[in-house]
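Data from entry-v4.txt: compact mmCIF, C-alpha atoms
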# COMPACT_ATOMS: atom_id res chain seq x y z
CA MET R 17 -1.54 -30.44 -57.31
CA LEU R 18 0.28 -28.88 -54.33
CA SER R 19 3.70 -30.26 -55.20
CA THR R 20 4.79 -26.80 -56.38
CA LEU R 21 3.44 -24.90 -53.36
CA PRO R 22 5.59 -21.71 -53.28
CA ARG R 23 6.92 -19.82 -50.30
CA LEU R 24 5.33 -16.55 -51.50
CA ILE R 25 1.77 -16.20 -52.84
CA GLY R 26 0.51 -12.88 -54.19
CA HIS R 27 -2.38 -11.71 -51.97
CA ARG R 28 -5.33 -10.48 -54.05
CA GLY R 29 -2.78 -10.26 -56.83
CA ALA R 30 -0.15 -7.76 -55.70
CA LYS R 31 -2.31 -5.38 -53.69
CA GLU R 32 0.53 -3.18 -52.48
CA SER R 33 1.16 -2.10 -56.08
CA ALA R 34 -2.23 -2.37 -57.83
CA PRO R 35 -5.92 -2.37 -56.89
CA GLU R 36 -6.69 -5.67 -55.25
CA ASN R 37 -8.62 -8.43 -57.00
CA THR R 38 -8.35 -6.79 -60.42
CA LEU R 39 -6.81 -8.05 -63.63
CA ALA R 40 -4.16 -5.34 -63.27
CA SER R 41 -3.22 -6.73 -59.87
CA LEU R 42 -2.89 -10.25 -61.27
CA ARG R 43 -0.60 -9.03 -64.02
CA GLU R 44 1.43 -7.03 -61.51
CA ALA R 45 1.90 -10.10 -59.32
CA ALA R 46 3.24 -12.02 -62.31
CA ARG R 47 5.50 -9.09 -63.23
CA GLN R 48 6.92 -9.18 -59.71
CA GLY R 49 7.73 -12.86 -60.08
CA ALA R 50 4.90 -14.45 -58.09
CA ALA R 51 4.33 -18.11 -58.94
CA TRP R 52 0.85 -18.17 -57.38
CA VAL R 53 -1.88 -15.64 -56.67
CA GLU R 54 -4.76 -15.61 -54.22
CA VAL R 55 -8.10 -13.96 -55.04
CA ASP R 56 -11.57 -13.77 -53.48
CA VAL R 57 -14.85 -14.71 -55.16
CA MET R 58 -18.41 -13.57 -54.40
CA LEU R 59 -21.71 -13.60 -56.34
CA THR R 60 -23.56 -10.74 -58.03
CA ARG R 61 -27.34 -10.45 -57.85
CA ASP R 62 -27.61 -12.48 -61.05
CA ARG R 63 -25.33 -15.13 -59.53
CA VAL R 64 -22.18 -14.43 -61.53
CA PRO R 65 -18.93 -15.12 -59.61
CA VAL R 66 -16.75 -12.00 -59.43
CA LEU R 67 -13.50 -11.05 -57.73
CA ILE R 68 -14.08 -8.87 -54.68
CA HIS R 69 -13.20 -9.15 -51.01
CA ASP R 70 -15.62 -7.01 -49.03
CA ASP R 71 -19.34 -7.65 -48.58
CA THR R 72 -19.92 -4.03 -49.62
CA LEU R 73 -18.64 -1.93 -52.52
CA GLU R 74 -17.43 1.28 -50.90
CA ARG R 75 -13.80 0.48 -50.14
CA THR R 76 -12.69 -0.81 -53.56
CA THR R 77 -15.16 0.58 -56.10
CA SER R 78 -17.05 3.76 -56.96
CA GLY R 79 -20.26 2.07 -55.84
CA ALA R 80 -22.01 1.62 -52.51
CA GLY R 81 -24.02 -1.04 -50.76
CA PRO R 82 -23.89 -4.83 -50.64
CA VAL R 83 -22.23 -6.62 -53.55
CA PRO R 84 -25.20 -8.96 -54.20
CA ASP R 85 -27.55 -6.01 -54.65
CA LEU R 86 -26.01 -5.35 -58.09
CA THR R 87 -26.19 -7.32 -61.31
CA LEU R 88 -23.01 -8.01 -63.23
CA ALA R 89 -23.86 -5.24 -65.70
CA GLU R 90 -24.33 -2.76 -62.85
CA LEU R 91 -21.11 -3.86 -61.19
CA LYS R 92 -19.17 -3.57 -64.44
CA ALA R 93 -20.26 0.07 -64.71
CA LEU R 94 -18.31 0.87 -61.53
CA ASP R 95 -14.69 1.98 -61.35
CA ALA R 96 -12.53 -0.41 -59.32
CA GLY R 97 -9.16 1.24 -59.84
CA SER R 98 -9.18 4.99 -59.24
CA TRP R 99 -9.49 4.60 -55.45
CA PHE R 100 -6.00 3.12 -55.55
CA ASP R 101 -4.29 5.40 -58.06
CA ALA R 102 -5.21 7.51 -61.08
CA ARG R 103 -3.20 5.12 -63.25
CA PHE R 104 -5.93 2.51 -62.73
CA VAL R 105 -8.97 4.62 -63.66
CA GLY R 106 -11.42 2.44 -65.54
CA GLU R 107 -10.29 -0.85 -64.01
CA THR R 108 -13.39 -2.94 -63.38
CA VAL R 109 -14.37 -5.75 -61.03
CA PRO R 110 -13.47 -8.86 -63.05
CA THR R 111 -15.61 -11.93 -63.34
CA LEU R 112 -14.03 -15.14 -62.12
CA GLU R 113 -14.09 -16.36 -65.72
CA GLU R 114 -12.10 -13.32 -66.86
CA ALA R 115 -9.62 -13.76 -64.04
CA LEU R 116 -9.12 -17.45 -64.76
CA GLY R 117 -8.32 -16.60 -68.36
CA VAL R 118 -5.65 -14.10 -67.34
CA ILE R 119 -4.18 -16.37 -64.65
CA ARG R 120 -3.96 -19.25 -67.13
CA LYS R 121 -2.19 -17.07 -69.71
CA LEU R 122 0.27 -15.92 -67.05
CA GLY R 123 0.93 -19.53 -66.06
CA LEU R 124 0.24 -18.90 -62.36
CA GLY R 125 -0.96 -21.21 -59.66
CA LEU R 126 -4.17 -20.13 -57.94
CA ASN R 127 -5.59 -20.09 -54.44
CA LEU R 128 -9.25 -19.21 -54.91
CA GLU R 129 -10.85 -18.09 -51.67
CA ILE R 130 -14.60 -18.60 -51.68
CA LYS R 131 -15.79 -15.58 -49.74
CA PRO R 132 -19.57 -15.62 -49.86
CA TYR R 133 -21.92 -12.87 -48.84
CA PRO R 134 -23.60 -14.10 -45.62
CA GLY R 135 -26.26 -16.67 -46.44
CA GLN R 136 -24.85 -17.43 -49.91
CA GLU R 137 -22.26 -20.01 -48.92
CA VAL R 138 -23.61 -22.92 -50.95
CA PRO R 139 -24.52 -21.13 -54.21
CA THR R 140 -21.23 -19.21 -54.21
CA ALA R 141 -19.23 -22.39 -53.82
CA GLU R 142 -21.31 -24.18 -56.44
CA ALA R 143 -20.86 -21.40 -59.01
CA ALA R 144 -17.11 -21.11 -58.38
CA LEU R 145 -16.51 -24.85 -58.53
CA ASP R 146 -18.53 -25.15 -61.73
CA LEU R 147 -16.26 -22.62 -63.44
CA LEU R 148 -13.09 -24.18 -62.09
CA LYS R 149 -14.09 -27.64 -63.29
CA ARG R 150 -14.82 -26.31 -66.77
CA LEU R 151 -12.05 -23.76 -67.24
CA TRP R 152 -9.04 -24.55 -65.07
CA PRO R 153 -6.27 -26.43 -66.93
CA GLY R 154 -4.98 -29.58 -65.29
CA GLY R 155 -1.36 -28.54 -65.60
CA LEU R 156 -1.53 -25.54 -63.25
CA PRO R 157 -1.73 -25.88 -59.44
CA LEU R 158 -4.98 -24.97 -57.74
CA LEU R 159 -6.18 -24.63 -54.15
CA VAL R 160 -9.72 -23.70 -53.08
CA SER R 161 -9.99 -22.17 -49.61
CA SER R 162 -12.62 -20.68 -47.35
CA PHE R 163 -13.37 -19.73 -43.77
CA GLU R 164 -16.84 -21.11 -44.34
CA VAL R 165 -17.10 -24.86 -43.75
CA PRO R 166 -20.24 -25.23 -45.94
CA CYS R 167 -18.22 -23.86 -48.89
CA LEU R 168 -15.51 -26.44 -48.33
CA GLU R 169 -18.11 -29.20 -48.01
CA VAL R 170 -19.49 -28.21 -51.40
CA ALA R 171 -15.97 -28.22 -52.84
CA ARG R 172 -15.32 -31.65 -51.35
CA ASP R 173 -18.53 -33.06 -52.82
CA LEU R 174 -18.46 -31.39 -56.25
CA ALA R 175 -14.74 -31.47 -57.00
CA PRO R 176 -12.95 -33.83 -54.61
CA GLU R 177 -9.89 -33.76 -56.85
CA ILE R 178 -9.25 -30.05 -56.12
CA PRO R 179 -7.26 -29.52 -52.88
CA ARG R 180 -9.01 -27.55 -50.17
CA GLY R 181 -7.54 -25.06 -47.71
CA TYR R 182 -9.24 -24.49 -44.36
CA LEU R 183 -8.93 -20.81 -43.43
CA LEU R 184 -8.66 -20.14 -39.70
CA TRP R 185 -8.89 -16.89 -37.74
CA ASP R 186 -10.00 -17.90 -34.24
CA PRO R 187 -9.96 -21.69 -34.56
CA PRO R 188 -12.86 -23.60 -33.01
CA ALA R 189 -11.97 -26.23 -30.45
CA ASP R 190 -12.71 -28.98 -32.96
CA TRP R 191 -10.73 -27.43 -35.85
CA ALA R 192 -8.73 -30.63 -36.42
CA ALA R 193 -11.88 -32.75 -36.67
CA ILE R 194 -13.39 -30.24 -39.10
CA ALA R 195 -10.22 -30.31 -41.20
CA ASP R 196 -10.47 -34.09 -41.35
CA ARG R 197 -14.16 -34.02 -42.25
CA ILE R 198 -13.72 -31.59 -45.13
CA GLY R 199 -10.54 -33.28 -46.29
CA ALA R 200 -8.43 -30.13 -45.91
CA ALA R 201 -5.13 -30.23 -47.77
CA THR R 202 -3.74 -27.08 -46.10
CA LEU R 203 -4.39 -24.98 -43.03
CA ASN R 204 -4.34 -21.25 -43.85
CA VAL R 205 -3.84 -19.22 -40.68
CA HIS R 206 -3.49 -15.58 -39.64
CA GLN R 207 0.19 -14.81 -39.14
CA ASP R 208 -0.28 -12.34 -36.28
CA ARG R 209 -1.94 -14.99 -34.15
CA GLN R 210 0.76 -17.64 -34.53
CA THR R 211 3.46 -18.92 -32.22
CA ALA R 212 5.94 -21.74 -32.68
CA GLU R 213 3.57 -23.90 -30.63
CA SER R 214 0.46 -23.12 -32.66
CA VAL R 215 2.25 -23.80 -35.94
CA ALA R 216 3.54 -27.08 -34.52
CA SER R 217 0.00 -28.12 -33.58
CA TYR R 218 -1.23 -27.42 -37.10
CA ARG R 219 1.70 -29.21 -38.70
CA ALA R 220 1.12 -32.21 -36.44
CA THR R 221 -1.95 -33.00 -38.57
CA GLY R 222 0.38 -33.61 -41.52
CA ARG R 223 -0.85 -30.61 -43.47
CA PRO R 224 1.19 -27.70 -44.87
CA VAL R 225 0.54 -24.42 -43.04
CA LEU R 226 0.09 -21.21 -45.03
CA ALA R 227 0.09 -17.84 -43.24
CA TYR R 228 -1.65 -14.59 -44.23
CA THR R 229 -0.79 -11.72 -44.72
CA VAL R 230 2.99 -11.26 -44.43
CA ASN R 231 4.79 -8.21 -45.83
CA ASP R 232 7.81 -8.09 -43.53
CA ALA R 233 10.90 -10.20 -44.26
CA ALA R 234 11.82 -10.70 -40.61
CA ARG R 235 8.35 -12.01 -39.81
CA ALA R 236 8.38 -14.24 -42.87
CA ARG R 237 11.75 -15.64 -41.82
CA THR R 238 10.39 -16.40 -38.35
CA LEU R 239 7.34 -18.15 -39.74
CA PHE R 240 9.43 -20.23 -42.11
CA GLY R 241 11.64 -21.16 -39.16
CA TRP R 242 8.57 -22.46 -37.35
CA GLY R 243 7.72 -24.65 -40.33
CA VAL R 244 5.19 -22.52 -42.21
CA ALA R 245 5.27 -23.72 -45.82
CA GLY R 246 4.27 -20.45 -47.49
CA VAL R 247 2.93 -16.96 -46.88
CA PHE R 248 0.43 -14.74 -48.63
CA THR R 249 1.90 -11.31 -49.30
CA ASP R 250 0.68 -8.02 -50.73
CA ALA R 251 4.16 -7.44 -52.17
CA PRO R 252 5.59 -10.64 -53.66
CA GLY R 253 8.43 -8.89 -55.48
CA ARG R 254 9.52 -6.66 -52.61
CA LEU R 255 9.29 -9.43 -50.03
CA ALA R 256 11.27 -11.82 -52.23
CA ALA R 257 13.98 -9.18 -52.65
CA ASP R 258 14.04 -8.41 -48.91
CA LEU R 259 14.35 -12.10 -48.07
CA ALA R 260 17.08 -12.59 -50.65
CA GLU R 261 19.11 -9.79 -49.05
CA GLN R 262 19.08 -11.66 -45.74
CA ALA R 263 19.69 -15.15 -47.18
CA PRO R 264 18.38 -17.19 -50.09
CA LEU R 265 15.00 -18.85 -49.63

Represent the supplied structure as structure tokens.
Amino acid sequence: MLSTLPRLIGHRGAKESAPENTLASLREAARQGAAWVEVDVMLTRDRVPVLIHDDTLERTTSGAGPVPDLTLAELKALDAGSWFDARFVGETVPTLEEALGVIRKLGLGLNLEIKPYPGQEVPTAEAALDLLKRLWPGGLPLLVSSFEVPCLEVARDLAPEIPRGYLLWDPPADWAAIADRIGAATLNVHQDRQTAESVASYRATGRPVLAYTVNDAARARTLFGWGVAGVFTDAPGRLAADLAEQAPL
């Protein structure tokens, strides 16, 4: 399922040009030529998986407080677009089911990051994997990732056929053993924290390395030179154009 892993993956859609983790952002990523998108999933109070990154609502919606304090109906009443630009007034927080429908129609690959509210690792992973197993078409590439090892253990047990990406910020000493235990297919690492040596150590496990979040062509070129397989970017169209000006990917 990772045979078509691209060099550029739209981060939360195309968050430089549209409000992140919205249907508008997914469509914008496709318009910019992205082959894959990455989005984050969390649960509402009534346990519906929705696309949102932060534990709280203030930054990307007209609401306030923790995401799991609201039901889906209450969340849908919030505006998730006007904070970004007046053109997106009325954009709502999409359910994962809604997002999967749009991503399928656009023909995009998907990296779904399971990003649970603290303490909801297992139910969030279970709900997300249930939807993916029922709704994701076999012909489109799919990667499930998380910083939270319990989420990846759930993914391994419930849907072993779906590749898993182990997200790393400050890797624990036993990161390689954890990657083996959860059957990680990729290692998704923070680009600012990488060196040629660190990338080499990750690649030595035989796994592709993906780096987040890269919006500068020179940095992307450096990472690719170190052997990074792909980068998550807020601006897939702009970064592709900037890279093409230097040399073809």

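With all atoms listed in the file as the basis for measurement, R:Leu174 is the residue among R:Val165, R:Leu174, R:Leu24, R:Leu128 that approaches Lys149 in chain R most closely.
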
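With CA of Thr77 in chain R on one side and CA of Asn231 in chain R on the other, the separation reads 24.1 Å.
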
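Here the question is which of R:Leu255, R:Ala34, R:Ala51, R:Leu42 gets nearest to Ala102 in chain R using only C-alpha atoms, and that residue is R:Ala34.
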
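Counting all atoms listed in the file, the residue from R:Leu88, R:Val105, R:Arg75, R:Leu259 that sits nearest to Phe240 in chain R is R:Leu259.
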
Near range 52-65 of chain R, within 7 Å and counting all atoms listed in the file, which residues show up once chain neighbours fewer than 3 positions away are dropped, as a PDB file with C-alpha atoms, in the frame of the given file?
ATOM      1  CA  ILE R  25       1.770 -16.200 -52.840  1.00  0.00           C
ATOM      2  CA  GLY R  26       0.510 -12.880 -54.190  1.00  0.00           C
ATOM      3  CA  HIS R  27      -2.380 -11.710 -51.970  1.00  0.00           C
ATOM      4  CA  ARG R  28      -5.330 -10.480 -54.050  1.00  0.00           C
ATOM      5  CA  GLY R  29      -2.780 -10.260 -56.830  1.00  0.00           C
ATOM      6  CA  ASN R  37      -8.620  -8.430 -57.000  1.00  0.00           C
ATOM      7  CA  ILE R  68     -14.080  -8.870 -54.680  1.00  0.00           C
ATOM      8  CA  HIS R  69     -13.200  -9.150 -51.010  1.00  0.00           C
ATOM      9  CA  VAL R  83     -22.230  -6.620 -53.550  1.00  0.00           C
ATOM     10  CA  PRO R  84     -25.200  -8.960 -54.200  1.00  0.00           C
ATOM     11  CA  ASP R  85     -27.550  -6.010 -54.650  1.00  0.00           C
ATOM     12  CA  LEU R  86     -26.010  -5.350 -58.090  1.00  0.00           C
ATOM     13  CA  THR R  87     -26.190  -7.320 -61.310  1.00  0.00           C
ATOM     14  CA  LEU R  88     -23.010  -8.010 -63.230  1.00  0.00           C
ATOM     15  CA  THR R 111     -15.610 -11.930 -63.340  1.00  0.00           C
ATOM     16  CA  LEU R 112     -14.030 -15.140 -62.120  1.00  0.00           C
ATOM     17  CA  LEU R 124       0.240 -18.900 -62.360  1.00  0.00           C
ATOM     18  CA  GLY R 125      -0.960 -21.210 -59.660  1.00  0.00           C
ATOM     19  CA  LEU R 126      -4.170 -20.130 -57.940  1.00  0.00           C
ATOM     20  CA  ASN R 127      -5.590 -20.090 -54.440  1.00  0.00           C
ATOM     21  CA  LEU R 128      -9.250 -19.210 -54.910  1.00  0.00           C
ATOM     22  CA  GLU R 129     -10.850 -18.090 -51.670  1.00  0.00           C
ATOM     23  CA  ILE R 130     -14.600 -18.600 -51.680  1.00  0.00           C
ATOM     24  CA  LYS R 131     -15.790 -15.580 -49.740  1.00  0.00           C
ATOM     25  CA  PRO R 132     -19.570 -15.620 -49.860  1.00  0.00           C
ATOM     26  CA  TYR R 133     -21.920 -12.870 -48.840  1.00  0.00           C
ATOM     27  CA  THR R 140     -21.230 -19.210 -54.210  1.00  0.00           C
ATOM     28  CA  ALA R 143     -20.860 -21.400 -59.010  1.00  0.00           C
ATOM     29  CA  ALA R 144     -17.110 -21.110 -58.380  1.00  0.00           C
TER      30      ALA R 144
END

Near Phe163 in chain R, within 8 Å and counting all atoms listed in the file, which residues show up once chain neighbours fewer than 6 positions away are dropped, as an mmCIF file with C-alpha atoms, keeping the file's coordinate frame?
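Once everything was written out, this is around.cif:
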data_model
loop_
_atom_site.group_PDB
_atom_site.id
_atom_site.type_symbol
_atom_site.label_atom_id
_atom_site.label_comp_id
_atom_site.auth_asym_id
_atom_site.auth_seq_id
_atom_site.Cartn_x
_atom_site.Cartn_y
_atom_site.Cartn_z
ATOM 1 C CA LYS R 131 -15.790 -15.580 -49.740
ATOM 2 C CA TYR R 182 -9.240 -24.490 -44.360
ATOM 3 C CA LEU R 183 -8.930 -20.810 -43.430
ATOM 4 C CA LEU R 184 -8.660 -20.140 -39.700
#
